[in-house]
Amino acid sequence: MATTRASLHTLGCRLNQAETSVLGEGLRRKGFELVDFGQPTDLLVLNTCAVTEDAERTARYLIRKTLKHSPHAFIAVTGCYAQTGMDCLKQQTGIDLIVGHQFKLDLPAYLPPPNELRKRSVAEIHHTKTMERGDFELPHFADSDSTRALLKVQDGCSAMCSFCIIPFARGHERSRTLNDIQREVEVLAARGYREIVLTGVNIGQYAHQGRDFCSLLRWLDQAADFERIRISSIEPTTVSDELLEFLASSKKFCPYLHIPMQSGDDQILRAMNRRHTIKSYINLIEKALVTISDLGLGTDLMVGFPGETESSFQNTLAVATDLPFSYLHVFPYSPRPGTAAMRLKQRIPSASVKKRADLLLDLDRVKRLAFHNKQIGKTVSALFESGTRAAYRFGTTPNFTRVGITDSEDFRNQILQVTITAATDRYALGHIVPSQQVNCAMVAR
Ligand code: SF4
């Protein structure tokens with residue numbers, strides 16, 4: 001009997017990636033044969049993003065593109081855009097199933113068995129305006145596409161930053177039960193993963209049965225059998241002294257923080273409804289740098305928020321220049337329907353937004369090069385990925401330096417000592433320290 005192919009694609013954040021892996025596992029269990037996205041397929045599951053207008057446009061384009069090479073493909077759409085843009089998506093021809101956030105991980109259950117998969121004249125919709133608030137568990141534990149496994153611990157956000165659609169797309173903050181986290185941690189360790197990345201929307205707000213984020217980290221530090229645990233993006237107001245001291249003392253947690261700043265100007269931060277001032281942000285970063293040695297530090301910066309004058313942008317540029325970030329993620333403001341910022345009048349001309357974004361992107365390259373240069377001469381551990389890119393094999397260090405080596409051997413999923421000898425603005429370069437024992441017994445996919 002012919003197999004029924006399914007491909008999945010993710011737009012947006014790491015949390016979406018983690019959830020796509022869970023959906024992929026659900027499809028596999030249902031009997032679909034997973035194929036790479038872009039290949040001819042019988043089913044596309046598109047996990048969308050709504051953070052920018054561009055992400056929504058890309059989702060609609062990818063649906064059309066898939067239907068060009070696979071005209072009979074059943075199209076299932078989920079994710080943030082399916083939640084916030086359901087009315088628009090149901091007008092688009094070719095979509096067979098739309099699943100909002102409340103039911104996202106149940107998507108495989110809404111599909112017919114593989115041999116009965118047929119396109120529909122009207123899309124079936126599973127969607128609620130609001131989402132349940134209780135703590136949650138996941139239906140499956142999936143494999144990751146990379147050597148780092150993503151572990152979802154939290155969902156939703158109640159912060160209501162005025163530019164952000166995420167609270168509307170994912171609902172209020174809620175946390176994953178500790179028992180469920182424990183079960184997945186055991187499965188991931190048994191599969192041979194060396195590093196896990198904790199993901200969520202506002203992970204610092206983790207709260208389950210009296211356990212806060214810091215106590216979750218302490219528990220993972222003791223209970224989880226991984227060499228490395230990394231925290232993904234965390235809001236500045238949720239980074240406590242206790243958290244910094246814990247990260248400094250832990251042998252497993254990576255010296256790495258990604259703390260969104262968004263703007264370096266207090267007036268803009270207030271208009272964004274951010275809960276930090278620029279002074280409190282700088283204090284936090286200075287404390288983090290003093291407490292955690294060899295810290296890798298990233299941030300998000302938004303340009304072109306309504307009312308951002310040339311002088312408020314210069315404030316952002318100045319703070320971003322002064323603080324020793326290892327990289328910057330730069331986002332132009334994108335008006336999102338339903339958000340408070342949509343009502344703000346002083347829109348910034350797109351030419352100014354582009355100019356400001358370009359200046360910050362130039363600074364990002366300078367920051368990356370400086371950070372990589374600082375690593376030269378150090379011998380560090382690197383967790384290697386499979387394959388080669390631009391003639392290098394790449395690994396990642398605990399402080400998130402990407403390091404390339406030229407060895408012909410594949411060190412996939414191995415943690416090896418590497419001496420860093422050179423730097424570019426995209427990665428550091430080095431060579432592995434000779435005579436290390438390479439453990440090939442367990443290799444995660
Ligand atoms: S903290 Fe603000 S920017 Fe981050 S997800 Fe919540 S509302 Fe959006």
# chains A, B, ... in the order shown; residues from 1 in each chain; ligands from 1

call {"tool": "residues_near_ligand", "arguments": {"ligand": "ligand 1", "cutoff": "6 Å", "atoms": "only C-alpha atoms and all ligand atoms", "output": "PDB file with N, CA and C atoms, in the first residue's frame"}}
result
ATOM      1  N   CYS A 157       1.461  34.570  27.780  1.00  0.00           N
ATOM      2  CA  CYS A 157       2.080  35.737  28.409  1.00  0.00           C
ATOM      3  C   CYS A 157       0.973  36.695  28.838  1.00  0.00           C
ATOM      4  N   ALA A 159       1.837  39.832  30.000  1.00  0.00           N
ATOM      5  CA  ALA A 159       2.511  41.125  30.185  1.00  0.00           C
ATOM      6  C   ALA A 159       1.874  42.261  29.365  1.00  0.00           C
ATOM      7  N   MET A 160       1.263  41.934  28.247  1.00  0.00           N
ATOM      8  CA  MET A 160       0.583  42.939  27.410  1.00  0.00           C
ATOM      9  C   MET A 160       1.481  44.100  27.002  1.00  0.00           C
ATOM     10  N   CYS A 161       2.661  43.818  26.499  1.00  0.00           N
ATOM     11  CA  CYS A 161       3.453  44.870  25.866  1.00  0.00           C
ATOM     12  C   CYS A 161       2.601  45.413  24.709  1.00  0.00           C
ATOM     13  N   CYS A 164       2.675  43.865  21.116  1.00  0.00           N
ATOM     14  CA  CYS A 164       2.835  42.414  20.969  1.00  0.00           C
ATOM     15  C   CYS A 164       1.496  41.691  20.870  1.00  0.00           C
ATOM     16  N   ILE A 166       1.319  38.385  20.995  1.00  0.00           N
ATOM     17  CA  ILE A 166       1.440  37.053  21.603  1.00  0.00           C
ATOM     18  C   ILE A 166       0.390  36.783  22.695  1.00  0.00           C
ATOM     19  N   PRO A 167       0.099  37.746  23.591  1.00  0.00           N
ATOM     20  CA  PRO A 167      -0.936  37.445  24.590  1.00  0.00           C
ATOM     21  C   PRO A 167      -2.278  37.097  23.948  1.00  0.00           C
ATOM     22  N   VAL A 201       7.061  31.218  26.402  1.00  0.00           N
ATOM     23  CA  VAL A 201       6.858  32.585  25.923  1.00  0.00           C
ATOM     24  C   VAL A 201       7.459  33.563  26.922  1.00  0.00           C
TER      25      VAL A 201
END

call {"tool": "residues_around", "arguments": {"residues": "stretch 180-197 of chain A", "least_positions_apart": "3", "cutoff": "10 Å", "atoms": "only C-alpha atoms", "output": "ChimeraX atom specification"}}
result
/A:14,18,136-144,146-153,176-177,200,216,219-220,223-232,252-254,383,398,413-415,441-445

call {"tool": "select_by_dssp", "arguments": {"residues": "stretch 16-119 of chain A", "states": "strand (DSSP E or B)", "output": "list in words"}}
result
Glu33, Leu34, Leu43, Leu44, Val45, Leu46, Asn47, Thr48, Phe74, Ile75, Ala76, Val77, Thr78, Gly79, Leu97, Ile98 and Val99 of chain A

call {"tool": "atom_distance", "arguments": {"atom1": "atom CA of A:Phe331", "atom2": "atom CA of A:Asp358"}}
result
10.5 Å

call {"tool": "residues_around", "arguments": {"residues": "A:Gly304", "least_positions_apart": "6", "cutoff": "7 Å", "atoms": "only C-alpha atoms", "output": "list in words"}}
result
Pro332, Tyr333, Ile348 and Val353 of chain A

call {"tool": "write_last_selection", "arguments": {"atoms": "N, CA, C and O atoms", "output": "PDB file, in the first residue's frame"}}
result
ATOM      1  N   PRO A 332      12.014  45.451  12.948  1.00  0.00           N
ATOM      2  CA  PRO A 332      11.242  46.673  12.694  1.00  0.00           C
ATOM      3  C   PRO A 332       9.854  46.509  13.322  1.00  0.00           C
ATOM      4  O   PRO A 332       9.304  45.402  13.329  1.00  0.00           O
ATOM      5  N   TYR A 333       9.292  47.576  13.846  1.00  0.00           N
ATOM      6  CA  TYR A 333       7.936  47.524  14.417  1.00  0.00           C
ATOM      7  C   TYR A 333       6.950  47.124  13.335  1.00  0.00           C
ATOM      8  O   TYR A 333       7.001  47.612  12.213  1.00  0.00           O
ATOM      9  N   ILE A 348       6.296  55.950  12.095  1.00  0.00           N
ATOM     10  CA  ILE A 348       7.623  56.335  11.597  1.00  0.00           C
ATOM     11  C   ILE A 348       7.717  55.944  10.114  1.00  0.00           C
ATOM     12  O   ILE A 348       7.403  54.799   9.761  1.00  0.00           O
ATOM     13  N   VAL A 353      12.750  53.808   9.379  1.00  0.00           N
ATOM     14  CA  VAL A 353      12.804  52.514  10.092  1.00  0.00           C
ATOM     15  C   VAL A 353      13.950  51.676   9.509  1.00  0.00           C
ATOM     16  O   VAL A 353      14.744  51.084  10.242  1.00  0.00           O
TER      17      VAL A 353
END

call {"tool": "residues_around", "arguments": {"residues": "A:Asp425", "least_positions_apart": "4", "cutoff": "10 Å", "atoms": "only C-alpha atoms", "output": "VMD selection string"}}
result
chain A and resid 327 364 to 373

call {"tool": "select_by_dssp", "arguments": {"residues": "stretch 106-190 of chain A", "states": "helix (DSSP H, G or I)", "output": "PDB file with N, CA and C atoms, in the first residue's frame"}}
result
ATOM      1  N   ASP A 106      -3.556  18.889  19.426  1.00  0.00           N
ATOM      2  CA  ASP A 106      -4.508  17.817  19.063  1.00  0.00           C
ATOM      3  C   ASP A 106      -4.662  17.722  17.542  1.00  0.00           C
ATOM      4  N   LEU A 107      -3.937  18.550  16.806  1.00  0.00           N
ATOM      5  CA  LEU A 107      -4.149  18.616  15.346  1.00  0.00           C
ATOM      6  C   LEU A 107      -4.135  17.232  14.680  1.00  0.00           C
ATOM      7  N   PRO A 108      -3.173  16.355  14.992  1.00  0.00           N
ATOM      8  CA  PRO A 108      -3.191  15.052  14.312  1.00  0.00           C
ATOM      9  C   PRO A 108      -4.515  14.304  14.500  1.00  0.00           C
ATOM     10  N   ALA A 109      -5.164  14.510  15.650  1.00  0.00           N
ATOM     11  CA  ALA A 109      -6.436  13.806  15.907  1.00  0.00           C
ATOM     12  C   ALA A 109      -7.556  14.318  15.005  1.00  0.00           C
ATOM     13  N   TYR A 110      -7.436  15.553  14.489  1.00  0.00           N
ATOM     14  CA  TYR A 110      -8.484  16.096  13.612  1.00  0.00           C
ATOM     15  C   TYR A 110      -8.307  15.651  12.157  1.00  0.00           C
ATOM     16  N   PRO A 114      -4.509   8.313   7.218  1.00  0.00           N
ATOM     17  CA  PRO A 114      -3.742   8.672   6.008  1.00  0.00           C
ATOM     18  C   PRO A 114      -4.390   8.244   4.699  1.00  0.00           C
ATOM     19  N   ASN A 115      -4.959   7.042   4.660  1.00  0.00           N
ATOM     20  CA  ASN A 115      -5.515   6.580   3.375  1.00  0.00           C
ATOM     21  C   ASN A 115      -6.873   7.214   3.059  1.00  0.00           C
ATOM     22  N   GLU A 116      -7.425   8.013   3.993  1.00  0.00           N
ATOM     23  CA  GLU A 116      -8.716   8.677   3.722  1.00  0.00           C
ATOM     24  C   GLU A 116      -8.568  10.196   3.584  1.00  0.00           C
ATOM     25  N   ILE A 166       1.319  38.385  20.995  1.00  0.00           N
ATOM     26  CA  ILE A 166       1.440  37.053  21.603  1.00  0.00           C
ATOM     27  C   ILE A 166       0.390  36.783  22.695  1.00  0.00           C
ATOM     28  N   PRO A 167       0.099  37.746  23.591  1.00  0.00           N
ATOM     29  CA  PRO A 167      -0.936  37.445  24.590  1.00  0.00           C
ATOM     30  C   PRO A 167      -2.278  37.097  23.948  1.00  0.00           C
ATOM     31  N   PHE A 168      -2.568  37.677  22.764  1.00  0.00           N
ATOM     32  CA  PHE A 168      -3.819  37.347  22.075  1.00  0.00           C
ATOM     33  C   PHE A 168      -3.707  35.986  21.381  1.00  0.00           C
ATOM     34  N   ALA A 169      -2.513  35.696  20.901  1.00  0.00           N
ATOM     35  CA  ALA A 169      -2.319  34.451  20.154  1.00  0.00           C
ATOM     36  C   ALA A 169      -2.198  33.239  21.069  1.00  0.00           C
ATOM     37  N   ARG A 170      -1.525  33.418  22.207  1.00  0.00           N
ATOM     38  CA  ARG A 170      -1.239  32.242  23.048  1.00  0.00           C
ATOM     39  C   ARG A 170      -1.924  32.288  24.408  1.00  0.00           C
ATOM     40  N   LEU A 178       5.277  19.589  36.507  1.00  0.00           N
ATOM     41  CA  LEU A 178       6.625  19.080  36.760  1.00  0.00           C
ATOM     42  C   LEU A 178       6.731  17.593  36.377  1.00  0.00           C
ATOM     43  N   ASN A 179       5.671  16.837  36.652  1.00  0.00           N
ATOM     44  CA  ASN A 179       5.702  15.402  36.302  1.00  0.00           C
ATOM     45  C   ASN A 179       5.913  15.209  34.811  1.00  0.00           C
ATOM     46  N   ASP A 180       5.242  16.049  34.015  1.00  0.00           N
ATOM     47  CA  ASP A 180       5.359  15.909  32.568  1.00  0.00           C
ATOM     48  C   ASP A 180       6.754  16.327  32.098  1.00  0.00           C
ATOM     49  N   ILE A 181       7.291  17.396  32.710  1.00  0.00           N
ATOM     50  CA  ILE A 181       8.658  17.813  32.368  1.00  0.00           C
ATOM     51  C   ILE A 181       9.619  16.665  32.705  1.00  0.00           C
ATOM     52  N   GLN A 182       9.427  16.084  33.886  1.00  0.00           N
ATOM     53  CA  GLN A 182      10.316  14.994  34.323  1.00  0.00           C
ATOM     54  C   GLN A 182      10.277  13.827  33.336  1.00  0.00           C
ATOM     55  N   ARG A 183       9.048  13.471  32.876  1.00  0.00           N
ATOM     56  CA  ARG A 183       8.938  12.344  31.942  1.00  0.00           C
ATOM     57  C   ARG A 183       9.708  12.653  30.660  1.00  0.00           C
ATOM     58  N   GLU A 184       9.573  13.881  30.134  1.00  0.00           N
ATOM     59  CA  GLU A 184      10.262  14.199  28.878  1.00  0.00           C
ATOM     60  C   GLU A 184      11.777  14.261  29.081  1.00  0.00           C
ATOM     61  N   VAL A 185      12.189  14.806  30.210  1.00  0.00           N
ATOM     62  CA  VAL A 185      13.624  14.895  30.503  1.00  0.00           C
ATOM     63  C   VAL A 185      14.251  13.489  30.467  1.00  0.00           C
ATOM     64  N   GLU A 186      13.550  12.511  31.039  1.00  0.00           N
ATOM     65  CA  GLU A 186      14.088  11.142  31.040  1.00  0.00           C
ATOM     66  C   GLU A 186      14.169  10.580  29.623  1.00  0.00           C
ATOM     67  N   VAL A 187      13.117  10.862  28.822  1.00  0.00           N
ATOM     68  CA  VAL A 187      13.103  10.354  27.445  1.00  0.00           C
ATOM     69  C   VAL A 187      14.233  10.993  26.638  1.00  0.00           C
ATOM     70  N   LEU A 188      14.417  12.305  26.785  1.00  0.00           N
ATOM     71  CA  LEU A 188      15.464  12.997  26.014  1.00  0.00           C
ATOM     72  C   LEU A 188      16.854  12.520  26.408  1.00  0.00           C
ATOM     73  N   ALA A 189      17.050  12.293  27.692  1.00  0.00           N
ATOM     74  CA  ALA A 189      18.368  11.808  28.147  1.00  0.00           C
ATOM     75  C   ALA A 189      18.619  10.410  27.587  1.00  0.00           C
ATOM     76  N   ALA A 190      17.582   9.558  27.596  1.00  0.00           N
ATOM     77  CA  ALA A 190      17.737   8.193  27.064  1.00  0.00           C
ATOM     78  C   ALA A 190      18.008   8.222  25.566  1.00  0.00           C
TER      79      ALA A 190
END

call {"tool": "closest_residue", "arguments": {"among": "A:Lys68, A:Lys354, A:Lys119, A:His172", "to": "A:Asn202", "atoms": "only C-alpha atoms"}}
result
A:His172

call {"tool": "residues_around", "arguments": {"residues": "stretch 284-290 of chain A", "least_positions_apart": "4", "cutoff": "7 Å", "atoms": "only C-alpha atoms", "output": "PyMOL selection string"}}
result
chain A and resi 244+280+295

call {"tool": "residues_around", "arguments": {"residues": "A:Leu301", "least_positions_apart": "2", "cutoff": "8 Å", "atoms": "only C-alpha atoms", "output": "number ranges by chain"}}
result
A: 260-263, 299, 303, 328-331

call {"tool": "closest_residue", "arguments": {"among": "A:Ile268, A:Leu34, A:Leu360, A:Ile98", "to": "A:Asn47", "atoms": "only C-alpha atoms"}}
result
A:Ile98

call {"tool": "residues_around", "arguments": {"residues": "A:Ala318", "least_positions_apart": "3", "cutoff": "12 Å", "atoms": "only C-alpha atoms", "output": "PyMOL selection string"}}
result
chain A and resi 263-265+278+282+311-315+321-324+359-360+363

call {"tool": "closest_residue", "arguments": {"among": "A:Ala382, A:Leu43, A:Ile292, A:Ile420", "to": "A:Ala73", "atoms": "only C-alpha atoms"}}
result
A:Leu43

call {"tool": "closest_residue", "arguments": {"among": "A:Val239, A:Ala76, A:Met272, A:Leu247", "to": "A:Tyr206", "atoms": "only C-alpha atoms"}}
result
A:Val239

call {"tool": "closest_residue", "arguments": {"among": "A:Gly24, A:Gly404, A:Gly171, A:Gly395", "to": "A:Glu132", "atoms": "only C-alpha atoms"}}
result
A:Gly171

call {"tool": "closest_residue", "arguments": {"among": "A:Thr396, A:Thr78, A:Thr277, A:Thr421", "to": "A:Lys378", "atoms": "only C-alpha atoms"}}
result
A:Thr421
